[in-house]
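Source file: protein.cif; contents: mmCIF, C-alpha atoms.
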```cif
data_structure
#
loop_
_atom_site.label_atom_id
_atom_site.label_comp_id
_atom_site.auth_asym_id
_atom_site.auth_seq_id
_atom_site.Cartn_x
_atom_site.Cartn_y
_atom_site.Cartn_z
CA MET E 1 91.28 121.77 129.11
CA LYS E 2 94.58 120.10 129.77
CA LEU E 3 96.19 121.45 126.60
CA LEU E 4 95.54 125.00 127.65
CA ALA E 5 96.82 124.59 131.17
CA PRO E 6 99.78 126.85 131.70
CA THR E 7 102.98 125.06 132.59
CA LEU E 8 106.16 126.53 133.84
CA LEU E 9 107.69 125.99 130.45
CA ALA E 10 104.78 127.54 128.59
CA VAL E 11 105.04 130.55 130.83
CA ALA E 12 108.76 130.69 130.25
CA LEU E 13 108.25 130.54 126.50
CA SER E 14 105.52 133.16 126.48
CA THR E 15 107.94 135.64 127.95
CA THR E 16 110.22 135.20 124.97
CA LEU E 17 107.44 135.48 122.37
CA PRO E 18 105.92 138.82 121.43
CA ALA E 19 102.12 138.75 121.59
CA SER E 20 100.96 139.29 118.06
CA HIS E 21 102.11 137.73 114.77
CA ALA E 22 98.82 137.24 112.96
CA GLN E 23 99.46 137.32 109.23
CA GLN E 24 96.53 138.19 107.02
CA GLN E 25 98.31 137.21 103.83
CA PRO E 26 101.41 135.18 102.99
CA ASN E 27 104.28 137.50 103.50
CA PRO E 28 107.53 136.83 101.68
CA ALA E 29 109.25 139.22 104.10
CA VAL E 30 109.10 136.60 106.86
CA PRO E 31 112.68 135.29 107.05
CA GLY E 32 113.00 131.79 105.61
CA TYR E 33 109.53 131.74 104.09
CA ALA E 34 110.31 130.59 100.57
CA TYR E 35 107.02 129.32 99.09
CA GLY E 36 107.17 130.02 95.37
CA GLN E 37 110.81 131.00 95.29
CA ARG E 38 112.72 129.71 92.28
CA SER E 39 115.72 128.92 94.41
CA LEU E 40 113.92 125.89 95.88
CA ALA E 41 114.91 122.42 94.74
CA LYS E 42 112.43 120.51 92.63
CA ALA E 43 110.40 118.06 94.70
CA PRO E 44 111.21 114.37 94.16
CA TYR E 45 107.47 113.67 93.86
CA THR E 46 105.21 114.78 91.01
CA MET E 47 101.69 116.14 90.65
CA ALA E 48 100.66 112.64 89.53
CA ASP E 49 102.11 111.24 92.77
CA LEU E 50 100.11 113.83 94.69
CA LYS E 51 96.89 112.85 92.93
CA ALA E 52 97.48 109.18 93.78
CA LEU E 53 98.21 110.08 97.39
CA GLN E 54 95.05 112.20 97.54
CA ALA E 55 92.99 109.30 96.19
CA SER E 56 94.42 106.99 98.84
CA LEU E 57 93.38 109.33 101.64
CA LEU E 58 89.95 110.21 100.20
CA PHE E 59 90.97 113.81 99.59
CA THR E 60 88.53 115.34 97.10
CA GLU E 61 87.39 118.69 95.71
CA GLU E 62 84.99 118.83 98.67
CA ASP E 63 88.02 118.98 100.94
CA VAL E 64 89.55 121.75 98.86
CA LYS E 65 86.33 123.73 99.24
CA ALA E 66 86.18 123.09 102.98
CA LEU E 67 89.81 124.18 103.44
CA ARG E 68 89.17 127.37 101.48
CA GLN E 69 86.03 128.02 103.53
CA SER E 70 88.21 127.80 106.64
CA LYS E 71 90.57 130.51 105.47
CA ALA E 72 88.35 133.45 106.34
CA ILE E 73 87.64 131.78 109.69
CA VAL E 74 91.25 131.22 110.73
CA ALA E 75 92.77 134.31 109.09
CA ASP E 76 92.44 136.61 112.10
CA GLN E 77 92.90 133.79 114.64
CA THR E 78 96.36 132.54 113.67
CA ASP E 79 97.98 134.13 116.67
CA ALA E 80 95.51 132.53 119.10
CA ILE E 81 95.86 129.16 117.32
CA LEU E 82 99.64 129.37 117.60
CA ASP E 83 99.36 130.19 121.30
CA VAL E 84 97.57 126.85 121.78
CA TRP E 85 99.98 124.90 119.57
CA TYR E 86 103.03 126.41 121.19
CA GLY E 87 101.50 125.74 124.59
CA PHE E 88 101.14 122.08 123.64
CA VAL E 89 104.70 121.86 122.35
CA ALA E 90 106.00 123.64 125.44
CA SER E 91 104.18 121.22 127.75
CA THR E 92 105.42 118.13 125.87
CA PRO E 93 109.13 117.56 126.62
CA GLU E 94 109.51 115.20 123.64
CA LEU E 95 108.50 118.02 121.32
CA VAL E 96 110.09 121.09 122.87
CA HIS E 97 113.35 119.15 122.61
CA PHE E 98 113.37 119.88 118.88
CA PHE E 99 113.47 123.61 119.63
CA SER E 100 116.17 123.28 122.23
CA ASP E 101 119.71 124.56 122.16
CA ALA E 102 121.82 121.47 121.50
CA ARG E 103 124.39 122.54 124.09
CA THR E 104 122.25 123.78 126.96
CA GLY E 105 119.09 121.70 126.33
CA LYS E 106 116.98 124.81 126.93
CA PRO E 107 114.34 126.10 124.48
CA ASP E 108 115.79 128.60 122.01
CA GLY E 109 113.47 131.60 122.04
CA ALA E 110 114.75 133.15 118.82
CA TYR E 111 114.38 129.85 116.96
CA LEU E 112 110.84 129.30 118.31
CA GLU E 113 109.93 132.81 117.24
CA ALA E 114 111.36 132.45 113.72
CA VAL E 115 109.46 129.19 113.18
CA ARG E 116 106.28 130.71 114.62
CA LYS E 117 106.15 133.45 111.99
CA ARG E 118 106.35 130.86 109.21
CA PHE E 119 103.84 128.66 111.02
CA ALA E 120 101.26 131.47 110.82
CA LEU E 121 101.74 131.63 107.06
CA TRP E 122 101.54 127.82 106.85
CA ILE E 123 98.05 127.96 108.37
CA LEU E 124 96.91 130.30 105.60
CA ASP E 125 98.72 128.31 102.90
CA THR E 126 97.06 125.09 104.08
CA ALA E 127 93.68 126.79 103.90
CA ASP E 128 94.45 128.02 100.38
CA ALA E 129 94.77 124.41 99.16
CA ASP E 130 96.42 125.52 95.95
CA TYR E 131 98.28 122.46 94.68
CA ASP E 132 100.84 122.89 91.94
CA GLN E 133 104.56 122.36 91.37
CA ARG E 134 105.40 125.41 93.51
CA TRP E 135 103.44 123.89 96.35
CA LEU E 136 105.14 120.53 95.95
CA ASP E 137 108.58 122.14 95.95
CA TRP E 138 107.71 124.02 99.13
CA GLN E 139 106.55 120.80 100.84
CA TYR E 140 109.87 119.21 99.95
CA GLU E 141 111.74 122.18 101.39
CA ILE E 142 109.68 121.97 104.61
CA GLY E 143 110.53 118.28 104.87
CA LEU E 144 114.25 118.96 104.39
CA ARG E 145 114.09 121.58 107.14
CA HIS E 146 112.80 118.97 109.61
CA ASN E 147 115.38 116.41 108.54
CA ARG E 148 119.04 116.53 109.51
CA LEU E 149 119.83 117.58 105.94
CA GLN E 150 118.59 121.13 106.50
CA LYS E 151 117.28 121.63 110.04
CA ASN E 152 118.42 124.88 111.70
CA LYS E 153 120.24 126.19 108.63
CA ILE E 154 117.80 128.85 107.50
CA ASP E 155 117.56 130.25 111.04
CA ARG E 156 121.21 129.60 111.95
CA ALA E 157 119.77 128.01 115.09
CA PRO E 158 122.08 126.17 117.51
CA SER E 159 119.43 123.45 117.94
CA VAL E 160 119.37 119.64 117.83
CA ALA E 161 120.15 118.00 114.50
CA GLN E 162 116.74 116.71 113.44
CA VAL E 163 113.08 116.30 114.21
CA ASN E 164 112.71 112.55 114.46
CA PHE E 165 110.40 111.15 111.79
CA ARG E 166 107.86 109.64 114.17
CA TYR E 167 106.67 113.02 115.45
CA ILE E 168 105.91 114.45 112.03
CA PRO E 169 102.82 112.41 111.08
CA ALA E 170 101.84 112.28 114.78
CA LEU E 171 101.44 116.06 114.94
CA THR E 172 98.47 115.75 112.61
CA ILE E 173 96.38 114.99 115.69
CA PRO E 174 97.22 117.85 118.08
CA ILE E 175 97.25 120.40 115.26
CA THR E 176 93.83 119.46 113.96
CA THR E 177 92.24 118.65 117.32
CA THR E 178 93.16 121.99 118.79
CA LEU E 179 92.18 123.80 115.58
CA LYS E 180 88.60 122.54 115.67
CA PRO E 181 87.23 124.97 118.29
CA PHE E 182 88.66 127.86 116.27
CA LEU E 183 86.78 126.63 113.18
CA ALA E 184 83.55 126.84 115.19
CA ARG E 185 84.00 130.43 116.37
CA LYS E 186 82.66 132.29 113.35
CA GLY E 187 79.15 130.96 112.97
CA ALA E 188 79.69 127.97 110.65
CA SER E 189 77.17 125.16 111.22
CA ALA E 190 78.24 122.05 113.13
CA ALA E 191 78.17 120.09 109.87
CA GLU E 192 80.41 122.67 108.18
CA VAL E 193 82.84 122.58 111.10
CA GLU E 194 82.99 118.78 110.81
CA LYS E 195 83.74 119.02 107.10
CA MET E 196 86.42 121.66 107.58
CA HIS E 197 88.00 119.67 110.40
CA ALA E 198 88.03 116.47 108.34
CA ALA E 199 89.61 118.34 105.43
CA TRP E 200 92.28 119.75 107.74
CA VAL E 201 93.07 116.27 109.08
CA LYS E 202 93.52 114.95 105.55
CA SER E 203 95.58 117.93 104.44
CA VAL E 204 97.93 117.92 107.43
CA LEU E 205 98.43 114.15 107.18
CA MET E 206 99.05 114.49 103.44
CA GLN E 207 101.61 117.22 104.00
CA SER E 208 103.31 115.29 106.80
CA ILE E 209 103.70 112.34 104.42
CA LEU E 210 105.33 114.59 101.82
CA TRP E 211 107.56 116.12 104.51
CA SER E 212 108.68 112.61 105.45
CA GLN E 213 110.26 111.93 102.07
CA PRO E 214 113.82 112.92 103.09
CA TYR E 215 113.65 110.36 105.92
CA ILE E 216 112.75 107.42 103.68
CA LYS E 217 115.25 104.94 102.30
CA ASP E 218 115.99 105.23 98.59
CA GLY E 219 113.23 103.81 96.43
CA GLU E 220 110.81 103.17 99.30
CA PHE E 221 108.85 106.44 99.43
CA MET K 1 78.21 106.45 98.84
CA LYS K 2 81.02 106.45 96.35
CA LEU K 3 83.14 104.02 98.39
CA LEU K 4 80.42 101.42 98.37
CA ALA K 5 79.70 101.67 94.67
CA PRO K 6 80.50 98.36 93.03
CA THR K 7 83.23 98.55 90.46
CA LEU K 8 84.20 95.96 87.93
CA LEU K 9 87.30 95.19 89.94
CA ALA K 10 85.42 94.97 93.23
CA VAL K 11 83.01 92.55 91.62
CA ALA K 12 85.90 90.56 90.22
CA LEU K 13 87.53 90.42 93.64
CA SER K 14 84.34 89.41 95.41
CA THR K 15 84.18 86.30 93.28
CA THR K 16 87.59 85.27 94.57
CA LEU K 17 86.77 85.96 98.23
CA PRO K 18 84.52 83.64 100.25
CA ALA K 19 81.72 85.53 101.94
CA SER K 20 82.38 85.17 105.65
CA HIS K 21 85.56 85.53 107.67
CA ALA K 22 84.32 87.26 110.79
CA GLN K 23 86.60 86.38 113.67
CA GLN K 24 85.15 86.73 117.14
CA GLN K 25 88.48 86.30 118.86
CA PRO K 26 92.11 86.43 117.77
CA ASN K 27 92.82 83.10 116.24
CA PRO K 28 96.41 81.87 116.13
CA ALA K 29 95.33 79.31 113.54
CA VAL K 30 95.10 82.02 110.86
CA PRO K 31 98.23 81.48 108.74
CA GLY K 32 100.84 84.14 109.33
CA TYR K 33 99.11 85.64 112.35
CA ALA K 34 101.96 85.79 114.84
CA TYR K 35 100.91 88.28 117.55
CA GLY K 36 102.52 87.07 120.77
CA GLN K 37 104.76 84.46 119.19
CA ARG K 38 108.24 84.29 120.66
CA SER K 39 109.75 83.82 117.19
CA LEU K 40 109.15 87.51 116.44
CA ALA K 41 112.09 89.88 116.43
CA LYS K 42 112.24 92.45 119.21
CA ALA K 43 110.94 95.81 118.08
CA PRO K 44 113.56 98.56 117.64
CA TYR K 45 111.33 100.91 119.67
CA THR K 46 110.56 100.66 123.37
CA MET K 47 107.54 101.10 125.62
CA ALA K 48 109.04 104.47 126.61
CA ASP K 49 109.15 105.42 122.92
CA LEU K 50 105.51 104.40 122.62
CA LYS K 51 104.53 106.57 125.58
CA ALA K 52 106.28 109.56 124.06
CA LEU K 53 104.59 108.94 120.72
CA GLN K 54 101.20 108.65 122.44
CA ALA K 55 101.78 111.95 124.24
CA SER K 56 102.62 113.63 120.93
CA LEU K 57 99.33 112.51 119.38
CA LEU K 58 97.15 113.18 122.42
CA PHE K 59 96.46 109.49 122.94
CA THR K 60 95.20 108.98 126.51
CA GLU K 61 93.45 106.44 128.72
CA GLU K 62 90.19 107.87 127.39
CA ASP K 63 91.18 106.60 123.96
CA VAL K 64 92.00 103.17 125.37
CA LYS K 65 88.52 103.05 126.91
CA ALA K 66 86.87 104.18 123.68
CA LEU K 67 88.75 101.57 121.64
CA ARG K 68 87.72 98.85 124.07
CA GLN K 69 84.13 100.05 123.96
CA SER K 70 84.28 99.64 120.18
CA LYS K 71 85.27 95.99 120.39
CA ALA K 72 81.81 94.63 121.14
CA ILE K 73 80.45 96.87 118.38
CA VAL K 74 82.82 95.77 115.63
CA ALA K 75 83.25 92.14 116.70
CA ASP K 76 80.44 90.71 114.59
CA GLN K 77 80.85 93.29 111.82
CA THR K 78 84.45 92.59 110.76
CA ASP K 79 83.37 90.85 107.59
CA ALA K 80 81.14 93.74 106.51
CA ILE K 81 83.89 96.25 107.41
CA LEU K 82 86.38 94.31 105.33
CA ASP K 83 83.96 94.23 102.40
CA VAL K 84 84.02 98.04 102.43
CA TRP K 85 87.80 98.27 102.86
CA TYR K 86 88.49 95.73 100.15
CA GLY K 87 86.00 97.50 97.90
CA PHE K 88 87.97 100.72 98.40
CA VAL K 89 91.30 99.05 97.71
CA ALA K 90 89.85 97.30 94.66
CA SER K 91 88.54 100.58 93.25
CA THR K 92 91.85 102.42 93.82
CA PRO K 93 94.43 101.25 91.27
CA GLU K 94 97.33 102.70 93.30
CA LEU K 95 96.39 100.40 96.19
CA VAL K 96 95.29 97.18 94.50
CA HIS K 97 98.72 97.28 92.84
CA PHE K 98 100.24 96.11 96.12
CA PHE K 99 98.16 92.94 95.96
CA SER K 100 99.00 92.29 92.33
CA ASP K 101 101.00 89.47 90.82
CA ALA K 102 104.33 91.06 89.92
CA ARG K 103 104.40 89.26 86.57
CA THR K 104 100.82 89.60 85.34
CA GLY K 105 99.84 92.82 87.15
CA LYS K 106 96.52 91.21 88.11
CA PRO K 107 95.19 91.03 91.70
CA ASP K 108 96.29 87.84 93.44
CA GLY K 109 93.14 86.34 94.99
CA ALA K 110 94.93 83.95 97.33
CA TYR K 111 97.15 86.75 98.66
CA LEU K 112 94.19 89.09 99.16
CA GLU K 113 92.37 86.33 101.02
CA ALA K 114 95.32 85.47 103.28
CA VAL K 115 95.77 89.13 104.24
CA ARG K 116 92.04 89.55 104.78
CA LYS K 117 91.93 86.86 107.49
CA ARG K 118 94.70 88.62 109.41
CA PHE K 119 93.03 92.00 108.79
CA ALA K 120 89.91 90.76 110.63
CA LEU K 121 92.05 89.89 113.64
CA TRP K 122 93.82 93.25 113.40
CA ILE K 123 90.48 95.02 113.85
CA LEU K 124 89.91 93.15 117.10
CA ASP K 125 93.50 93.64 118.26
CA THR K 126 93.25 97.39 117.62
CA ALA K 127 90.07 97.51 119.69
CA ASP K 128 91.80 95.58 122.50
CA ALA K 129 94.35 98.41 122.89
CA ASP K 130 96.61 96.21 124.98
CA TYR K 131 100.04 97.79 124.74
CA ASP K 132 103.07 95.82 125.86
CA GLN K 133 106.30 94.44 124.43
CA ARG K 134 104.39 91.66 122.62
CA TRP K 135 102.27 94.30 120.94
CA LEU K 136 105.32 96.36 119.97
CA ASP K 137 107.06 93.32 118.49
CA TRP K 138 103.94 92.53 116.44
CA GLN K 139 103.79 96.10 115.12
CA TYR K 140 107.40 95.79 114.03
CA GLU K 141 106.63 92.51 112.25
CA ILE K 142 103.65 94.11 110.49
CA GLY K 143 105.90 96.93 109.34
CA LEU K 144 108.50 94.51 108.00
CA ARG K 145 105.78 92.70 106.08
CA HIS K 146 104.86 95.91 104.24
CA ASN K 147 108.50 96.75 103.56
CA ARG K 148 110.62 95.05 100.91
CA LEU K 149 112.46 93.26 103.72
CA GLN K 150 109.57 90.85 104.34
CA LYS K 151 106.62 91.53 102.03
CA ASN K 152 105.08 88.40 100.48
CA LYS K 153 107.28 85.96 102.39
CA ILE K 154 104.79 84.66 104.94
CA ASP K 155 102.20 84.05 102.20
CA ARG K 156 104.70 82.99 99.54
CA ALA K 157 102.88 85.49 97.34
CA PRO K 158 104.24 86.34 93.87
CA SER K 159 103.40 90.00 94.43
CA VAL K 160 105.21 93.31 94.03
CA ALA K 161 108.23 93.90 96.27
CA GLN K 162 106.90 96.52 98.70
CA VAL K 163 104.07 98.73 99.78
CA ASN K 164 105.47 102.20 99.25
CA PHE K 165 105.78 104.15 102.48
CA ARG K 166 103.50 107.00 101.46
CA TYR K 167 100.38 104.83 101.44
CA ILE K 168 100.83 103.47 104.95
CA PRO K 169 100.04 106.59 107.02
CA ALA K 170 97.56 107.67 104.30
CA LEU K 171 95.37 104.61 104.88
CA THR K 172 94.52 105.98 108.33
CA ILE K 173 91.85 108.06 106.60
CA PRO K 174 89.90 105.52 104.53
CA ILE K 175 90.10 102.90 107.28
CA THR K 176 88.72 105.17 109.97
CA THR K 177 86.29 107.11 107.76
CA THR K 178 84.61 103.95 106.52
CA LEU K 179 84.64 102.43 110.01
CA LYS K 180 82.60 105.26 111.52
CA PRO K 181 79.15 104.14 110.28
CA PHE K 182 79.81 100.68 111.72
CA LEU K 183 80.56 102.23 115.11
CA ALA K 184 77.12 103.86 115.00
CA ARG K 185 75.13 100.69 114.27
CA LYS K 186 74.77 99.32 117.78
CA GLY K 187 73.06 102.10 119.66
CA ALA K 188 76.03 104.12 120.96
CA SER K 189 75.28 107.83 121.33
CA ALA K 190 76.58 110.29 118.76
CA ALA K 191 79.09 111.57 121.32
CA GLU K 192 80.33 108.03 122.01
CA VAL K 193 80.68 107.35 118.29
CA GLU K 194 82.74 110.53 117.94
CA LYS K 195 85.01 109.46 120.79
CA MET K 196 85.46 105.95 119.41
CA HIS K 197 86.15 107.31 115.94
CA ALA K 198 88.72 109.79 117.25
CA ALA K 199 90.41 107.00 119.23
CA TRP K 200 90.55 104.81 116.12
CA VAL K 201 92.11 107.66 114.10
CA LYS K 202 94.81 108.09 116.72
CA SER K 203 95.44 104.36 117.06
CA VAL K 204 95.67 103.67 113.34
CA LEU K 205 97.95 106.65 112.79
CA MET K 206 100.11 105.55 115.73
CA GLN K 207 100.36 102.03 114.36
CA SER K 208 101.13 103.27 110.85
CA ILE K 209 104.00 105.32 112.30
CA LEU K 210 105.41 102.23 114.02
CA TRP K 211 104.95 100.20 110.82
CA SER K 212 106.98 102.84 108.97
CA GLN K 213 110.12 102.22 111.01
CA PRO K 214 111.72 99.79 108.50
CA TYR K 215 111.42 102.47 105.80
CA ILE K 216 113.30 105.14 107.76
CA LYS K 217 116.98 105.91 107.36
CA ASP K 218 119.21 104.79 110.22
CA GLY K 219 118.95 107.05 113.23
CA GLU K 220 116.09 109.18 111.89
CA PHE K 221 113.05 107.28 113.20
#
```
The structure in this file should be written as structure tokens.
Amino acid sequence: MKLLAPTLLAVALSTTLPASHAQQQPNPAVPGYAYGQRSLAKAPYTMADLKALQASLLFTEEDVKALRQSKAIVADQTDAILDVWYGFVASTPELVHFFSDARTGKPDGAYLEAVRKRFALWILDTADADYDQRWLDWQYEIGLRHNRLQKNKIDRAPSVAQVNFRYIPALTIPITTTLKPFLARKGASAAEVEKMHAAWVKSVLMQSILWSQPYIKDGEF
Amino acid sequence: MKLLAPTLLAVALSTTLPASHAQQQPNPAVPGYAYGQRSLAKAPYTMADLKALQASLLFTEEDVKALRQSKAIVADQTDAILDVWYGFVASTPELVHFFSDARTGKPDGAYLEAVRKRFALWILDTADADYDQRWLDWQYEIGLRHNRLQKNKIDRAPSVAQVNFRYIPALTIPITTTLKPFLARKGASAAEVEKMHAAWVKSVLMQSILWSQPYIKDGEF
């Protein structure tokens, strides 16, 4: 599979990334992981906004169930999933750019590693599908950290100033496409895998829309 | 299926919409349909930008082939597809709002009808998957027509000022989910239907990202 093909860059990155980061449970000790922390700003969108957005993308209680079903399946595979995702990012120059040192243009290993630890927790949080004000505030914080308003700050990374908007919704596809085989590895039926995959597509797209809010002109979100 | 269930509003809309608008070929005589017209502004994104975006969402030549395969399948079903899509919009208050008269709050039948004719051509254009500068310029125009910069102008519609950004990428899901059964109605194998559906998801998401450009703060797209 092309995505899994090692590239020089993927090999280079793998040498900077320790092998195992699987997180069984959200772990507030991961630096910069702030889900549920009171210090977070209040999201500029409400639970009512979220419900309207969910209706518009056909996100229902069935999707919540399917996401939660996926949690036990992905819980001990987060490290392998992240190997695939990081391999894809590493082999796509447009994407690895956002992890690069702004001066040298080379990937910043420490920054990649810091994000990776939070990414493992994000997989579990997405599977939890527990939507409340805390969750909304965390989505807003994640969006700010992609935008030039906050990128790099929490990790004190010397990286480029922003992740351009266009790549945020786009990543819905590689994340969910490469996740699908992992959903099928623990004995779920083909129909269950389809449902879990569809729920993941909706959830990641929904989150990417919320993360996009800081990029949108005033009054147009 | 819940999406197909008639609702009072869907029934009300159906009485304002003539039964058949299937377009076999793009038809420049449809008012406001301007794909390929030299009067269009040049898109603020380039073919190189498009290629980078396609790489980031795993869009390949295989997807182009699958989209083109879908054209013969959807060509004589556009009217039935639009019945389902309009039924979904009509039954979702957050969405029908964007077709409402700004003064009365009621759906504007003439506006819905004008958009519907172009929507039929959009289905065929999406299946054509013919990406060049003309196509980019048309995507930019479509984006402007959702944004407050241009919404309503081409139809002289008395409707609300904008389609809020959040609903544009979100509509990837209902459009492609409800399309899937239509892709299966002409004898394609289950594997081919899956490939065509996946290609449609990528294409619609890609287009919705391009349409979002007018909503994005300067320099952040």
> Would you list which chain E residues are within 10 Å of chain K using only C-alpha atoms, as a PyMOL selection string?
Replying inline: chain E and resi 3+49+52-59+88-89+92-95+147-148+162-175+177+198+201-202+205-206+208-210+212-221
>> Could you tell me how far atom CA of E:Val204 sits from atom CA of E:Gln77, in Å to one decimal place?
In response: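 Value for the atom CA of E:Gln77-atom CA of E:Val204 distance: 18.1 Å.
If all atoms listed in the file are the atoms counted, then among E:Leu183, E:Ala157, E:Met196, E:Ala114 the closest residue to E:Tyr33 is E:Ala114.
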>> What's around E:Lys65 at 10 Å? Count all atoms listed in the file, leave out sequence neighbours fewer than 5 positions away in its own chain, and write the answer as a ChimeraX atom specification.
In response: /E:60,70,127-129,195-196,199
Using C-alpha atoms, can you export the residues from the last selection as a CSV table (one decimal), in the frame of the given file?
```csv
chain,number,residue,atom,x,y,z
E,60,THR,CA,88.5,115.3,97.1
E,70,SER,CA,88.2,127.8,106.6
E,127,ALA,CA,93.7,126.8,103.9
E,128,ASP,CA,94.4,128.0,100.4
E,129,ALA,CA,94.8,124.4,99.2
E,195,LYS,CA,83.7,119.0,107.1
E,196,MET,CA,86.4,121.7,107.6
E,199,ALA,CA,89.6,118.3,105.4
```
Name all residues at most 6 Å from stretch 36-44 of chain K (count only C-alpha atoms; drop same-chain ones fewer than 4 positions away) and give them as an mmCIF file with C-alpha atoms, in the coordinates of the input.
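Saved to out_18.cif:
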```
data_model
loop_
_atom_site.group_PDB
_atom_site.id
_atom_site.type_symbol
_atom_site.label_atom_id
_atom_site.label_comp_id
_atom_site.auth_asym_id
_atom_site.auth_seq_id
_atom_site.Cartn_x
_atom_site.Cartn_y
_atom_site.Cartn_z
ATOM 1 C CA ARG K 134 104.390 91.660 122.620
ATOM 2 C CA LEU K 136 105.320 96.360 119.970
ATOM 3 C CA ASP K 137 107.060 93.320 118.490
ATOM 4 C CA TYR K 140 107.400 95.790 114.030
#
```
>> Can you measure atom CA of K:His97 to atom CA of K:Pro181 for me? One decimal in Å is fine.
In response: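 Pair atom CA of K:His97 / atom CA of K:Pro181 returns 27.1 Å.
With atom CA of K:Gln139 on one side and atom CA of K:Ala90 on the other, the separation reads 24.8 Å.
Distance check against K:Trp135 using only C-alpha atoms: of K:Tyr86, K:Tyr35, K:Thr178, K:Val64, the minimum falls on K:Tyr35.
For the residues K:Val96, K:Ala29, K:Ala80, K:Val74, ranking by smallest atom-to-atom distance to K:Ser159 using all atoms listed in the file places K:Val96 first.
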Quick one: residues within 12 Å of K:Gly187, only C-alpha atoms, excluding same-chain residues fewer than 5 positions away - as a PDB file with C-alpha atoms, keeping the file's coordinate frame?
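Okay, around-v9.pdb is ready:
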```
ATOM      1  CA  SER K  70      84.280  99.640 120.180  1.00  0.00           C
ATOM      2  CA  ALA K  72      81.810  94.630 121.140  1.00  0.00           C
ATOM      3  CA  ILE K  73      80.450  96.870 118.380  1.00  0.00           C
ATOM      4  CA  PRO K 181      79.150 104.140 110.280  1.00  0.00           C
ATOM      5  CA  PHE K 182      79.810 100.680 111.720  1.00  0.00           C
ATOM      6  CA  GLU K 192      80.330 108.030 122.010  1.00  0.00           C
ATOM      7  CA  VAL K 193      80.680 107.350 118.290  1.00  0.00           C
TER       8      VAL K 193
END
```
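Among the candidates E:Glu62, E:Asp125, E:Asp132, E:Asp79, the residue lying nearest to E:Tyr45 is E:Asp132 (atoms considered: only C-alpha atoms).
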